[in-house]
Amino acid sequence: MARLKKLEKAFIVRSLAQFMEPSQVVDAVKENFKVEVSRQQVECYDPTKVAGADLSQEFVDMFNEARKKYIEQPICNIEGANDIVQLKVLSSLFIKKQNNTRDAIKLSDQIQKIVKGYYEKKIEITGKDGGPLQSENVTYVTATDEQVRQAIDELENEY
């Protein structure tokens with residue numbers, strides 16, 4: 001088991017808070033700090049796991065804060081959520097799949113949907129000046145011409 005510095009421990013805690021798998025964290029620690037750690041050692045820094053039950057309060061607080069920030073971040077910060085990134089990926093796939101007609105058509109359709117804002121269209125039905133819709137209570141009555149004249153005469157006599 002490798003002896004870790006506080007910076008390396010903090011890196012592990014933040015990585016786990018961002019929902020990285022322990023095996024991914026092992027690779028990231030090796031790449032960034034040139035330190036060999038095991039999956040079991042990494043799991044000890046996750047307070048949501050049994051192995052992390054004895055984690056110091058400092059790292060538990062760091063984990064909770066990092067997870068909260070990660071969850072609350074705007075979607076626009078996520079690479080794949082950006083339309084331009086999606087279009088670049090789909091475009092490169094489209095070029096690779098041009099010989100496969102079915103895949104090329106699907107990719108072309110997907111590109112067109114993103115370009116034309118298909119996924120962003122929201123229909124909102126409102127009344128006048130953006131207010132709520134007003135409903136009118138209307139009663140339809142069928143009557144003969146004679147019944148209508150009689151009703152009009154009755155109304156005129158009342159006034």
# chains A, B, ... in the order shown; residues from 1 in each chain; ligands from 1
call {"tool": "residues_around", "arguments": {"residues": "region 105-114 of chain A", "least_positions_apart": "4", "cutoff": "9 Å", "atoms": "only C-alpha atoms", "output": "PyMOL selection string"}}
result
chain A and resi 83+86-87+90-91+93-94+97-98+100-101+118-120
call {"tool": "write_last_selection", "arguments": {"atoms": "all heavy atoms", "output": "CSV table (one decimal), in the first residue's frame"}}
result
chain,number,residue,atom,x,y,z
A,83,ASP,N,-23.7,21.6,-28.3
A,83,ASP,CA,-24.1,21.2,-29.7
A,83,ASP,C,-22.9,21.2,-30.7
A,83,ASP,O,-22.8,20.3,-31.5
A,83,ASP,CB,-25.1,22.3,-30.2
A,83,ASP,CG,-26.5,22.1,-29.6
A,83,ASP,OD1,-26.7,21.0,-29.0
A,83,ASP,OD2,-27.3,23.0,-29.8
A,86,GLN,N,-21.1,17.9,-30.2
A,86,GLN,CA,-21.9,16.8,-30.7
A,86,GLN,C,-21.8,16.8,-32.3
A,86,GLN,O,-21.7,15.7,-32.9
A,86,GLN,CB,-23.3,16.9,-30.3
A,86,GLN,CG,-23.5,16.6,-28.8
A,86,GLN,CD,-25.0,16.8,-28.4
A,86,GLN,OE1,-25.9,17.1,-29.3
A,86,GLN,NE2,-25.3,16.6,-27.2
A,87,LEU,N,-21.9,18.0,-32.9
A,87,LEU,CA,-21.9,18.1,-34.3
A,87,LEU,C,-20.5,17.6,-34.9
A,87,LEU,O,-20.5,16.9,-35.9
A,87,LEU,CB,-22.2,19.5,-34.8
A,87,LEU,CG,-23.7,19.9,-34.6
A,87,LEU,CD1,-23.8,21.4,-34.9
A,87,LEU,CD2,-24.5,19.1,-35.5
A,90,LEU,N,-20.5,13.8,-34.6
A,90,LEU,CA,-21.4,13.2,-35.6
A,90,LEU,C,-20.8,13.4,-37.0
A,90,LEU,O,-21.0,12.5,-37.8
A,90,LEU,CB,-22.8,13.8,-35.4
A,90,LEU,CG,-23.5,13.4,-34.2
A,90,LEU,CD1,-24.8,14.2,-34.1
A,90,LEU,CD2,-23.8,11.9,-34.2
A,91,SER,N,-20.2,14.5,-37.2
A,91,SER,CA,-19.7,14.8,-38.6
A,91,SER,C,-18.5,13.8,-38.9
A,91,SER,O,-18.5,13.2,-40.0
A,91,SER,CB,-19.1,16.2,-38.6
A,91,SER,OG,-18.6,16.4,-39.9
A,93,LEU,N,-18.1,10.8,-37.6
A,93,LEU,CA,-18.7,9.5,-37.7
A,93,LEU,C,-19.4,9.4,-39.1
A,93,LEU,O,-19.3,8.4,-39.7
A,93,LEU,CB,-19.7,9.3,-36.6
A,93,LEU,CG,-19.2,8.9,-35.2
A,93,LEU,CD1,-20.3,8.9,-34.2
A,93,LEU,CD2,-18.5,7.6,-35.3
A,94,PHE,N,-20.0,10.5,-39.5
A,94,PHE,CA,-20.7,10.5,-40.8
A,94,PHE,C,-19.7,10.2,-41.9
A,94,PHE,O,-20.0,9.5,-42.8
A,94,PHE,CB,-21.5,11.8,-41.0
A,94,PHE,CG,-22.2,11.9,-42.3
A,94,PHE,CD1,-23.4,11.2,-42.5
A,94,PHE,CD2,-21.7,12.7,-43.3
A,94,PHE,CE1,-24.0,11.3,-43.7
A,94,PHE,CE2,-22.3,12.8,-44.5
A,94,PHE,CZ,-23.5,12.1,-44.7
A,97,LYS,N,-18.7,6.6,-41.9
A,97,LYS,CA,-19.8,5.7,-42.2
A,97,LYS,C,-20.5,5.9,-43.5
A,97,LYS,O,-21.6,5.4,-43.8
A,97,LYS,CB,-20.9,5.7,-41.1
A,97,LYS,CG,-20.4,5.3,-39.7
A,97,LYS,CD,-20.2,3.9,-39.6
A,97,LYS,CE,-19.8,3.5,-38.2
A,97,LYS,NZ,-19.8,2.0,-38.0
A,98,GLN,N,-19.9,6.7,-44.4
A,98,GLN,CA,-20.6,7.0,-45.7
A,98,GLN,C,-20.9,5.8,-46.5
A,98,GLN,O,-21.8,5.7,-47.3
A,98,GLN,CB,-19.8,8.0,-46.5
A,98,GLN,CG,-20.0,9.4,-46.0
A,98,GLN,CD,-19.3,10.5,-46.8
A,98,GLN,OE1,-18.3,10.2,-47.5
A,98,GLN,NE2,-19.8,11.7,-46.8
A,100,ASN,N,-21.8,2.9,-45.4
A,100,ASN,CA,-22.9,2.2,-44.7
A,100,ASN,C,-24.2,3.1,-44.8
A,100,ASN,O,-24.3,4.1,-44.0
A,100,ASN,CB,-22.6,1.9,-43.3
A,100,ASN,CG,-23.6,1.1,-42.6
A,100,ASN,OD1,-24.8,1.1,-43.0
A,100,ASN,ND2,-23.2,0.3,-41.6
A,101,THR,N,-25.0,2.9,-45.8
A,101,THR,CA,-26.1,3.8,-46.1
A,101,THR,C,-27.1,4.0,-44.9
A,101,THR,O,-27.4,5.1,-44.5
A,101,THR,CB,-27.0,3.2,-47.2
A,101,THR,OG1,-26.1,3.0,-48.3
A,101,THR,CG2,-28.1,4.2,-47.7
A,118,TYR,N,-34.2,20.9,-33.0
A,118,TYR,CA,-35.3,19.9,-32.8
A,118,TYR,C,-35.4,19.6,-31.3
A,118,TYR,O,-36.5,19.5,-30.8
A,118,TYR,CB,-35.0,18.6,-33.5
A,118,TYR,CG,-36.0,17.5,-33.3
A,118,TYR,CD1,-37.3,17.5,-33.9
A,118,TYR,CD2,-35.7,16.5,-32.4
A,118,TYR,CE1,-38.2,16.5,-33.7
A,118,TYR,CE2,-36.7,15.5,-32.2
A,118,TYR,CZ,-37.9,15.5,-32.8
A,118,TYR,OH,-38.8,14.5,-32.6
A,119,TYR,N,-34.3,19.5,-30.6
A,119,TYR,CA,-34.3,19.1,-29.2
A,119,TYR,C,-34.6,20.3,-28.3
A,119,TYR,O,-34.8,20.2,-27.1
A,119,TYR,CB,-33.0,18.4,-28.8
A,119,TYR,CG,-32.8,17.2,-29.6
A,119,TYR,CD1,-31.8,17.1,-30.5
A,119,TYR,CD2,-33.6,16.1,-29.4
A,119,TYR,CE1,-31.6,15.9,-31.3
A,119,TYR,CE2,-33.4,14.9,-30.1
A,119,TYR,CZ,-32.4,14.8,-31.0
A,119,TYR,OH,-32.3,13.7,-31.8
A,120,GLU,N,-34.6,21.5,-28.8
A,120,GLU,CA,-34.7,22.7,-28.0
A,120,GLU,C,-36.1,23.3,-28.1
A,120,GLU,O,-36.5,24.3,-27.4
A,120,GLU,CB,-33.7,23.8,-28.4
A,120,GLU,CG,-32.3,23.3,-28.1
A,120,GLU,CD,-31.3,24.2,-28.8
A,120,GLU,OE1,-31.6,25.3,-29.3
A,120,GLU,OE2,-30.1,23.8,-28.8
call {"tool": "closest_atom_pairs", "arguments": {"of": "region 41-156 of chain A", "to": "region 6-21 of chain A", "cutoff": "9 Å", "atoms": "only C-alpha atoms", "output": "JSON lines"}}
result
{"residue": "A:Val42", "atom": "CA", "partner": "A:Ile12", "partner_atom": "CA", "distance": 6.8}
{"residue": "A:Glu43", "atom": "CA", "partner": "A:Leu16", "partner_atom": "CA", "distance": 8.5}
{"residue": "A:Tyr45", "atom": "CA", "partner": "A:Val13", "partner_atom": "CA", "distance": 5.7}
{"residue": "A:Asp46", "atom": "CA", "partner": "A:Leu16", "partner_atom": "CA", "distance": 6.4}
{"residue": "A:Pro47", "atom": "CA", "partner": "A:Val13", "partner_atom": "CA", "distance": 9.0}
{"residue": "A:Phe59", "atom": "CA", "partner": "A:Val13", "partner_atom": "CA", "distance": 6.9}
{"residue": "A:Val60", "atom": "CA", "partner": "A:Val13", "partner_atom": "CA", "distance": 8.3}
{"residue": "A:Met62", "atom": "CA", "partner": "A:Val13", "partner_atom": "CA", "distance": 7.3}
{"residue": "A:Phe63", "atom": "CA", "partner": "A:Ala17", "partner_atom": "CA", "distance": 5.4}
{"residue": "A:Asn64", "atom": "CA", "partner": "A:Ala17", "partner_atom": "CA", "distance": 7.2}
{"residue": "A:Glu65", "atom": "CA", "partner": "A:Ala17", "partner_atom": "CA", "distance": 8.5}
{"residue": "A:Ala66", "atom": "CA", "partner": "A:Ala17", "partner_atom": "CA", "distance": 5.9}
{"residue": "A:Arg67", "atom": "CA", "partner": "A:Ala17", "partner_atom": "CA", "distance": 4.7}
{"residue": "A:Lys68", "atom": "CA", "partner": "A:Ala17", "partner_atom": "CA", "distance": 8.5}
{"residue": "A:Tyr70", "atom": "CA", "partner": "A:Gln18", "partner_atom": "CA", "distance": 6.2}
{"residue": "A:Ile71", "atom": "CA", "partner": "A:Gln18", "partner_atom": "CA", "distance": 8.2}
call {"tool": "residues_around", "arguments": {"residues": "Gln40 (chain A)", "least_positions_apart": "4", "cutoff": "9 Å", "atoms": "only C-alpha atoms", "output": "JSON list (two decimals) with N, CA and C atoms, in the first residue's frame"}}
result
[["chain", "number", "residue", "atom", "x", "y", "z"],
["A", 22, "PRO", "N", -13.34, 3.48, -9.02],
["A", 22, "PRO", "CA", -12.04, 3.32, -8.38],
["A", 22, "PRO", "C", -10.92, 2.95, -9.36],
["A", 44, "CYS", "N", -11.09, 3.36, 0.15],
["A", 44, "CYS", "CA", -11.05, 3.84, 1.53],
["A", 44, "CYS", "C", -11.30, 5.34, 1.63],
["A", 51, "ALA", "N", -15.83, 0.69, 3.08],
["A", 51, "ALA", "CA", -14.39, 0.85, 3.27],
["A", 51, "ALA", "C", -14.03, 2.26, 3.71]]
call {"tool": "select_by_dssp", "arguments": {"residues": "chain A", "states": "alpha helix (DSSP H)", "output": "PyMOL selection string"}}
result
chain A and resi 6-17+22-33+39-43+57-72+83-96+101-115+145-158
call {"tool": "atom_distance", "arguments": {"atom1": "CA of Gly117 (chain A)", "atom2": "CA of Lys88 (chain A)"}}
result
15.9 Å
call {"tool": "atom_distance", "arguments": {"atom1": "CA of Val29 (chain A)", "atom2": "CA of Met1 (chain A)"}}
result
13.6 Å
call {"tool": "closest_residue", "arguments": {"among": "A:Asn157, A:Arg3, A:Gln150, A:Glu58", "to": "Ser38 (chain A)", "atoms": "only C-alpha atoms"}}
result
A:Arg3
call {"tool": "atom_distance", "arguments": {"atom1": "CA of Val115 (chain A)", "atom2": "CA of Asp103 (chain A)"}}
result
18.3 Å
